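**Student:** Structure in structure tokens, see below.
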Amino acid sequence: MSEKKVNKIGILTSGGDAPGMNAAVRAVVRTGLYHGLEMFGIMRGYSGMIDDDIYQMDSRSVANIIQRGGTILKTARSKEFMEPEGRKKAYDNLRKRGIDGLVIIGGDGSFRGAQKFSNEFDIPCIGLPGTIDKDIAGSDFTIGFDTAVNTAVEAIDKIRDTADAHDRLFIVEVMGRDAGYIALHSGIATGAENILVPETKTDIDELINSLTEKEKRKKLVNLVVVAEGDEYGGANELATIIKKRLPQADTRVCILGHIQRGGSPTCLDRLIASRMGYHAVECLMNGKHNVMVGIVNNKMHYTPLDNAIKAKQTIMKEWLKIVKILAS
Ligand code: F6P
């Protein structure tokens with residue numbers, strides 16, 4: 001715990017955008033202003049810190065954005081910030097404005113940068129988990145996950161209609177990088193027959209057997225939801241294998257892609273973003289530094305940035321068991 005008083009807070013969004021980032025920016029800015037602090041928006045993540053693309057924000061700067069996807073601060077993945085020279089440039093730009101605290105909304109890569117930066121320059125950093133992948137330990141939800149999953153569910157429901165009409169086997173690929181949460185949640189919610197995630201080994205023989213068995217039983221729809229990070233490499237690669245082993249099946253592929261990153265955030269994402277944003281400023285003011293603000297069991301939860309980086313959540317393996325039973 002540091003007693004250093006924070007007067008000027010910089011806020012940035014970094015890494016892949018996630019619906020709800022704007023709601024978090026709004027909450028941070030308005031909470032800071034409420035406490036009489038000066039608030040600064042940093043454009044394009046760490047790149048804006050290096051390029052001095054920083055502007056002072058007032059209450060109106062965040063008006064009418066709670067419902068908007070994307071991020072008004074834009075985002076980027078900065079290679080330059082990984083180098084000591086880049087971080088020094090960034091620090092000099094903060095120092096000349098007197099910015100003495102940072103809120104970083106992003107994923108584990110962004111937190112890794114924050115951790116290094118605060119160690120080198122003694123600038124307290126607070127992380128807010130903003131990623132559709134939900135691959136960060138220390139929070140039941142990440143900002144953007146719920147919206148992404150709902151977008152996937154809406155899309156897969158539509159695919160189910162056409163799959164049913166044509167008696168086709170559909171393989172739907174969802175995002176998640178090397179995590180399977182979007183696949184698991186959207187797959188269960190759409191009644192997918194098989195869900196493949198990177199956290200568990202995919203047994204291709206078992207998958208083919210289950211598809212064959214379902215075909216024999218004249219199951220109306222056969223949907224496979226695969227996470228992009230699955231060891232078989234995603235929907236196209238999987239379809240090649242399935243087409244070889246099950247040539248009689250009329251197989252189609254649908255890759256949902258970046259639609260999962262856009263759109264107006266759900267109520268849940270707006271709510272958690274608002275709560276986390278508020279508490280980020282409270283943390284900076286109360287000397288609780290270099291933590292990620294999360295929510296666990298509906299209560300605020302603080303994880304040292306180090307742990308938020310290293311630990312990955314474990315996938316709910318029992319959920320996969322449920323899939324087998326419910327899709328039978
Ligand atoms: O981390 C969010 C995410 O959307 C992942 O699910 C996906 O693998 C990746 O970003 C895609 O990144 P990009 O937009 O750079 O292609």
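Letters A, B, ... go to the chains of the structure tokens in the order shown; residues in each chain start at 1; ligands are counted from 1 in the same order.
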Just want the 8 Å neighbourhood of Ile182 in chain A, counted on only C-alpha atoms, with same-chain residues fewer than 5 positions away dropped. Output as a ChimeraX atom specification.
**Tutor:** /A:132-133,145,148-149,152,174-176,187,227
**Student:** Any idea what's packed within 10 Å of Met82 in chain A, counting only C-alpha atoms, ignoring anything in its chain fewer than 3 positions away? Could you give it as a PyMOL selection string?
**Tutor:** chain A and resi 46+77-79+85-87+112-113+116-117
**Student:** Just the selected residues (N, CA and C atoms), exported as a short mmCIF file (atom, residue, chain, number, x, y, z; two decimals), in the first residue's frame, please.
**Tutor:**
```cif
data_model
loop_
_atom_site.label_atom_id
_atom_site.label_comp_id
_atom_site.auth_asym_id
_atom_site.auth_seq_id
_atom_site.Cartn_x
_atom_site.Cartn_y
_atom_site.Cartn_z
N TYR A 46 -1.20 2.16 -25.12
CA TYR A 46 0.14 2.63 -24.78
C TYR A 46 0.77 3.45 -25.91
N ARG A 77 -2.31 -2.46 -30.01
CA ARG A 77 -1.33 -3.30 -29.31
C ARG A 77 0.03 -2.71 -29.63
N SER A 78 0.70 -2.11 -28.63
CA SER A 78 1.92 -1.35 -28.90
C SER A 78 3.18 -2.20 -28.71
N LYS A 79 3.94 -2.34 -29.81
CA LYS A 79 5.22 -3.08 -29.71
C LYS A 79 6.27 -2.21 -29.02
N GLU A 85 12.93 1.94 -23.96
CA GLU A 85 12.94 3.32 -24.51
C GLU A 85 11.51 3.82 -24.70
N GLY A 86 10.63 2.92 -25.17
CA GLY A 86 9.23 3.28 -25.39
C GLY A 86 8.57 3.67 -24.07
N ARG A 87 8.84 2.87 -23.06
CA ARG A 87 8.21 3.14 -21.75
C ARG A 87 8.75 4.45 -21.16
N ARG A 112 0.44 -6.86 -18.30
CA ARG A 112 1.89 -7.13 -18.25
C ARG A 112 2.66 -5.83 -18.46
N GLY A 113 2.20 -5.03 -19.43
CA GLY A 113 2.82 -3.73 -19.70
C GLY A 113 2.70 -2.82 -18.50
N LYS A 116 5.11 -3.77 -15.62
CA LYS A 116 6.49 -3.35 -15.90
C LYS A 116 6.63 -1.85 -15.68
N PHE A 117 5.68 -1.12 -16.23
CA PHE A 117 5.73 0.34 -16.20
C PHE A 117 5.72 0.86 -14.76
#
```
**Student:** Considering only C-alpha atoms, state which residue in the set A:Glu237, A:Asp269, A:Asp135, A:Asp58 is at the smallest distance from Ala24 in chain A.
**Tutor:**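 Going through A:Glu237, A:Asp269, A:Asp135, A:Asp58 one by one, the smallest distance to Ala24 in chain A is for A:Asp269.
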**Student:** Would you kindly return, as a count of residues only, each protein, DNA or RNA residue with an atom no farther than 8 Å from any atom of Asn7 in chain A, considering only C-alpha atoms and excluding same-chain residues fewer than 2 positions away?
**Tutor:** 7
**Student:** Would you please give, as a ChimeraX atom specification, all residues of range 155-203 of chain A that DSSP assigns to strand (DSSP E or B) based on the backbone?
**Tutor:** /A:169-174,194-196
**Student:** Now that the selection is made, can you save its residues with C-alpha atoms as an mmCIF file, in the first residue's frame?
**Tutor:**
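Output file again_29.cif follows:
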```cif
data_model
loop_
_atom_site.group_PDB
_atom_site.id
_atom_site.type_symbol
_atom_site.label_atom_id
_atom_site.label_comp_id
_atom_site.auth_asym_id
_atom_site.auth_seq_id
_atom_site.Cartn_x
_atom_site.Cartn_y
_atom_site.Cartn_z
ATOM 1 C CA LEU A 169 -23.939 -30.562 -40.008
ATOM 2 C CA PHE A 170 -22.615 -27.127 -39.020
ATOM 3 C CA ILE A 171 -19.269 -26.366 -37.497
ATOM 4 C CA VAL A 172 -19.289 -22.895 -35.948
ATOM 5 C CA GLU A 173 -16.065 -21.258 -34.887
ATOM 6 C CA VAL A 174 -16.098 -18.666 -32.129
ATOM 7 C CA ASN A 194 -20.469 -30.908 -29.376
ATOM 8 C CA ILE A 195 -18.276 -28.165 -27.965
ATOM 9 C CA LEU A 196 -14.531 -28.185 -28.504
#
```
**Student:** Mind checking DSSP for range 119-318 of chain A and telling me the alpha helix (DSSP H) residues as a PyMOL selection string?
**Tutor:** chain A and resi 119-121+145-166+181-189+204-216+235-245+267-286+305-310+317-318
**Student:** Find the residue from A:Leu246, A:Gly191, A:Leu33, A:Asp230 that sits nearest to Ile208 in chain A; use only C-alpha atoms when measuring.
**Tutor:**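 Of the candidates, the smallest distance to Ile208 in chain A is held by A:Leu246.
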**Student:** Kindly provide, as an MDAnalysis selection string, all nucleotide and amino acid residues lying within 12 Å of ligand 1, counting only C-alpha atoms and all ligand atoms.
**Tutor:** chainID A and resid 14:19 70 75:78 106:110 129:136 142:145 148:149 173:183 227:230 233:234 256:262
**Student:** Using only C-alpha atoms, please write the residues we just selected to a file, as a PDB file, in the first residue's frame.
**Tutor:**
```
ATOM      1  CA  SER A  14      -5.584  -1.442 -24.809  1.00  0.00           C
ATOM      2  CA  GLY A  15      -5.539  -4.733 -26.735  1.00  0.00           C
ATOM      3  CA  GLY A  16      -8.653  -6.044 -28.496  1.00  0.00           C
ATOM      4  CA  ASP A  17     -11.665  -3.793 -27.946  1.00  0.00           C
ATOM      5  CA  ALA A  18     -14.562  -5.181 -25.936  1.00  0.00           C
ATOM      6  CA  PRO A  19     -18.163  -3.937 -25.610  1.00  0.00           C
ATOM      7  CA  GLY A  70     -15.854  -0.077 -29.403  1.00  0.00           C
ATOM      8  CA  THR A  75      -7.127   0.874 -28.875  1.00  0.00           C
ATOM      9  CA  ALA A  76      -3.925  -0.696 -30.119  1.00  0.00           C
ATOM     10  CA  ARG A  77      -1.329  -3.304 -29.306  1.00  0.00           C
ATOM     11  CA  SER A  78       1.921  -1.352 -28.904  1.00  0.00           C
ATOM     12  CA  GLY A 106      -7.574  -4.407 -21.336  1.00  0.00           C
ATOM     13  CA  GLY A 107      -6.437  -7.993 -21.171  1.00  0.00           C
ATOM     14  CA  ASP A 108      -3.442  -9.836 -19.778  1.00  0.00           C
ATOM     15  CA  GLY A 109      -0.990  -8.362 -22.310  1.00  0.00           C
ATOM     16  CA  SER A 110      -2.022  -4.872 -21.256  1.00  0.00           C
ATOM     17  CA  PRO A 129     -10.409  -6.704 -17.167  1.00  0.00           C
ATOM     18  CA  GLY A 130     -11.663  -5.745 -20.623  1.00  0.00           C
ATOM     19  CA  THR A 131     -11.659  -8.656 -23.031  1.00  0.00           C
ATOM     20  CA  ILE A 132     -14.274 -10.799 -24.699  1.00  0.00           C
ATOM     21  CA  ASP A 133     -12.131 -13.883 -23.992  1.00  0.00           C
ATOM     22  CA  LYS A 134     -12.658 -13.996 -20.184  1.00  0.00           C
ATOM     23  CA  ASP A 135      -9.185 -15.456 -19.853  1.00  0.00           C
ATOM     24  CA  ILE A 136      -8.121 -13.530 -16.753  1.00  0.00           C
ATOM     25  CA  THR A 142     -14.589  -9.609 -17.917  1.00  0.00           C
ATOM     26  CA  ILE A 143     -15.999  -6.512 -19.592  1.00  0.00           C
ATOM     27  CA  GLY A 144     -17.261  -7.545 -23.042  1.00  0.00           C
ATOM     28  CA  PHE A 145     -17.615 -11.274 -22.476  1.00  0.00           C
ATOM     29  CA  ALA A 148     -19.776 -11.368 -27.134  1.00  0.00           C
ATOM     30  CA  VAL A 149     -21.459 -14.520 -25.909  1.00  0.00           C
ATOM     31  CA  GLU A 173     -16.065 -21.258 -34.887  1.00  0.00           C
ATOM     32  CA  VAL A 174     -16.098 -18.666 -32.129  1.00  0.00           C
ATOM     33  CA  MET A 175     -13.338 -16.412 -30.798  1.00  0.00           C
ATOM     34  CA  GLY A 176     -11.545 -16.655 -27.471  1.00  0.00           C
ATOM     35  CA  ARG A 177      -7.871 -16.805 -28.450  1.00  0.00           C
ATOM     36  CA  ASP A 178      -6.503 -19.696 -26.345  1.00  0.00           C
ATOM     37  CA  ALA A 179      -9.526 -19.820 -24.020  1.00  0.00           C
ATOM     38  CA  GLY A 180     -12.759 -21.740 -24.538  1.00  0.00           C
ATOM     39  CA  TYR A 181     -15.248 -19.660 -22.553  1.00  0.00           C
ATOM     40  CA  ILE A 182     -17.118 -18.137 -25.470  1.00  0.00           C
ATOM     41  CA  ALA A 183     -17.417 -21.610 -27.005  1.00  0.00           C
ATOM     42  CA  ALA A 227     -13.150 -22.387 -30.076  1.00  0.00           C
ATOM     43  CA  GLU A 228     -10.645 -20.800 -32.451  1.00  0.00           C
ATOM     44  CA  GLY A 229      -7.810 -21.917 -30.159  1.00  0.00           C
ATOM     45  CA  ASP A 230      -8.736 -25.594 -30.161  1.00  0.00           C
ATOM     46  CA  GLY A 233      -6.992 -25.253 -35.358  1.00  0.00           C
ATOM     47  CA  GLY A 234     -10.589 -24.123 -35.785  1.00  0.00           C
ATOM     48  CA  LEU A 256     -18.311 -15.846 -36.547  1.00  0.00           C
ATOM     49  CA  GLY A 257     -15.188 -13.667 -36.304  1.00  0.00           C
ATOM     50  CA  HIS A 258     -15.134 -10.020 -35.316  1.00  0.00           C
ATOM     51  CA  ILE A 259     -18.895  -9.509 -35.043  1.00  0.00           C
ATOM     52  CA  GLN A 260     -18.319 -10.948 -31.562  1.00  0.00           C
ATOM     53  CA  ARG A 261     -16.276  -7.881 -30.645  1.00  0.00           C
ATOM     54  CA  GLY A 262     -18.772  -5.231 -31.665  1.00  0.00           C
TER      55      GLY A 262
END
```
**Student:** Which residue out of A:Val221, A:Ala327, A:Val28, A:Val62 has the minimum interatomic distance to Ile126 in chain A when only C-alpha atoms are used?
**Tutor:**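 Going through A:Val221, A:Ala327, A:Val28, A:Val62 one by one, the smallest distance to Ile126 in chain A is for A:Val28.
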**Student:** Looking at only C-alpha atoms, which of A:Glu318, A:Asp306, A:Glu154, A:Asp250 is the one that sits closest to Cys125 in chain A?
**Tutor:** A:Asp306
**Student:** Neighbouring residues of Lys74 in chain A were defined as those with any atom within 8 Å, considering only C-alpha atoms; residues of the same chain fewer than 2 positions away were excluded. Please report them as number ranges by chain.
**Tutor:** A: 13, 43-45, 70-72, 76
**Student:** Write the residues you've just listed into a file as a PDB file, in the first residue's frame, and include N, CA, C and O atoms for each of them.
**Tutor:**
```pdb
ATOM      1  N   THR A  13      -7.505   2.423 -23.079  1.00  0.00           N
ATOM      2  CA  THR A  13      -8.010   1.091 -23.424  1.00  0.00           C
ATOM      3  C   THR A  13      -6.970   0.452 -24.337  1.00  0.00           C
ATOM      4  O   THR A  13      -6.402   1.128 -25.195  1.00  0.00           O
ATOM      5  N   MET A  43      -5.071   8.184 -25.988  1.00  0.00           N
ATOM      6  CA  MET A  43      -5.593   7.546 -27.198  1.00  0.00           C
ATOM      7  C   MET A  43      -4.750   6.332 -27.606  1.00  0.00           C
ATOM      8  O   MET A  43      -3.538   6.316 -27.456  1.00  0.00           O
ATOM      9  N   ARG A  44      -5.437   5.327 -28.135  1.00  0.00           N
ATOM     10  CA  ARG A  44      -4.792   4.132 -28.710  1.00  0.00           C
ATOM     11  C   ARG A  44      -3.845   3.413 -27.731  1.00  0.00           C
ATOM     12  O   ARG A  44      -2.724   3.051 -28.069  1.00  0.00           O
ATOM     13  N   GLY A  45      -4.289   3.251 -26.543  1.00  0.00           N
ATOM     14  CA  GLY A  45      -3.534   2.466 -25.559  1.00  0.00           C
ATOM     15  C   GLY A  45      -2.162   3.057 -25.279  1.00  0.00           C
ATOM     16  O   GLY A  45      -1.979   4.270 -25.229  1.00  0.00           O
ATOM     17  N   GLY A  70     -17.154  -0.677 -29.068  1.00  0.00           N
ATOM     18  CA  GLY A  70     -15.854  -0.077 -29.403  1.00  0.00           C
ATOM     19  C   GLY A  70     -15.310   0.698 -28.223  1.00  0.00           C
ATOM     20  O   GLY A  70     -15.656   0.436 -27.069  1.00  0.00           O
ATOM     21  N   THR A  71     -14.448   1.658 -28.498  1.00  0.00           N
ATOM     22  CA  THR A  71     -13.929   2.504 -27.419  1.00  0.00           C
ATOM     23  C   THR A  71     -13.617   3.900 -27.958  1.00  0.00           C
ATOM     24  O   THR A  71     -12.918   4.014 -28.978  1.00  0.00           O
ATOM     25  N   ILE A  72     -14.137   4.932 -27.298  1.00  0.00           N
ATOM     26  CA  ILE A  72     -13.891   6.300 -27.782  1.00  0.00           C
ATOM     27  C   ILE A  72     -12.411   6.639 -27.691  1.00  0.00           C
ATOM     28  O   ILE A  72     -11.942   7.538 -28.363  1.00  0.00           O
ATOM     29  N   ALA A  76      -5.011  -0.182 -29.279  1.00  0.00           N
ATOM     30  CA  ALA A  76      -3.925  -0.696 -30.119  1.00  0.00           C
ATOM     31  C   ALA A  76      -3.120  -1.683 -29.300  1.00  0.00           C
ATOM     32  O   ALA A  76      -3.266  -1.770 -28.083  1.00  0.00           O
TER      33      ALA A  76
END
```
**Student:** Given only C-alpha atoms as the basis, pick out the residue of A:Arg26, A:Lys201, A:His166, A:Ile11 nearest to Lys317 in chain A.
**Tutor:**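 Closest to Lys317 in chain A of all the choices is A:Lys201.
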**Student:** Taking only residues of range 209-298 of chain A that have an atom at most 12 Å from an atom of range 321-326 of chain A, what is each one's shortest atom pair and its distance in Å to one decimal, using only C-alpha atoms, in chain and number order, as JSON lines?
**Tutor:**
```
{"residue": "A:Ser210", "atom": "CA", "partner": "A:Lys324", "partner_atom": "CA", "distance": 9.4}
{"residue": "A:Leu211", "atom": "CA", "partner": "A:Lys324", "partner_atom": "CA", "distance": 11.8}
{"residue": "A:Lys214", "atom": "CA", "partner": "A:Lys324", "partner_atom": "CA", "distance": 11.6}
{"residue": "A:Leu223", "atom": "CA", "partner": "A:Val323", "partner_atom": "CA", "distance": 11.9}
{"residue": "A:Val224", "atom": "CA", "partner": "A:Val323", "partner_atom": "CA", "distance": 11.2}
{"residue": "A:Val225", "atom": "CA", "partner": "A:Val323", "partner_atom": "CA", "distance": 11.3}
```
**Student:** May I have the residues from that selection written out with all heavy atoms, as a compact mmCIF listing (two decimals), in the first residue's frame?
**Tutor:**
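Listed below is the output, out_19.txt:
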```
# COMPACT_ATOMS: atom_id res chain seq x y z
N SER A 210 -19.76 -39.69 -32.02
CA SER A 210 -20.96 -39.01 -31.53
C SER A 210 -21.77 -38.44 -32.71
O SER A 210 -22.99 -38.51 -32.71
CB SER A 210 -20.55 -37.95 -30.51
OG SER A 210 -21.02 -36.69 -30.86
N LEU A 211 -21.08 -37.93 -33.71
CA LEU A 211 -21.81 -37.40 -34.89
C LEU A 211 -22.51 -38.53 -35.65
O LEU A 211 -23.66 -38.40 -36.08
CB LEU A 211 -20.85 -36.66 -35.83
CG LEU A 211 -20.21 -35.37 -35.27
CD1 LEU A 211 -19.16 -34.83 -36.23
CD2 LEU A 211 -21.28 -34.31 -35.01
N LYS A 214 -25.51 -39.75 -33.73
CA LYS A 214 -26.63 -38.80 -33.80
C LYS A 214 -27.30 -38.87 -35.16
O LYS A 214 -28.51 -38.73 -35.29
CB LYS A 214 -26.17 -37.39 -33.46
CG LYS A 214 -26.06 -37.25 -31.97
CD LYS A 214 -25.54 -35.95 -31.52
CE LYS A 214 -25.38 -35.97 -30.01
NZ LYS A 214 -24.05 -35.65 -29.58
N LEU A 223 -24.91 -29.53 -34.42
CA LEU A 223 -24.09 -28.31 -34.35
C LEU A 223 -22.83 -28.59 -33.55
O LEU A 223 -22.90 -29.09 -32.44
CB LEU A 223 -24.85 -27.22 -33.59
CG LEU A 223 -25.83 -26.31 -34.31
CD1 LEU A 223 -26.45 -25.36 -33.29
CD2 LEU A 223 -25.11 -25.51 -35.39
N VAL A 224 -21.69 -28.24 -34.13
CA VAL A 224 -20.44 -28.34 -33.38
C VAL A 224 -19.94 -26.91 -33.18
O VAL A 224 -19.77 -26.17 -34.16
CB VAL A 224 -19.39 -29.15 -34.15
CG1 VAL A 224 -18.08 -29.21 -33.37
CG2 VAL A 224 -19.89 -30.56 -34.45
N VAL A 225 -19.72 -26.52 -31.94
CA VAL A 225 -19.14 -25.19 -31.69
C VAL A 225 -17.68 -25.41 -31.29
O VAL A 225 -17.37 -26.16 -30.37
CB VAL A 225 -19.89 -24.44 -30.56
CG1 VAL A 225 -19.17 -23.15 -30.20
CG2 VAL A 225 -21.32 -24.13 -31.00
```
**Student:** Rank A:Val6, A:Ala189, A:Val153, A:Met21 by their smallest atom-to-atom distance to Gly287 in chain A, using only C-alpha atoms, and report the top residue only.
**Tutor:** A:Val6
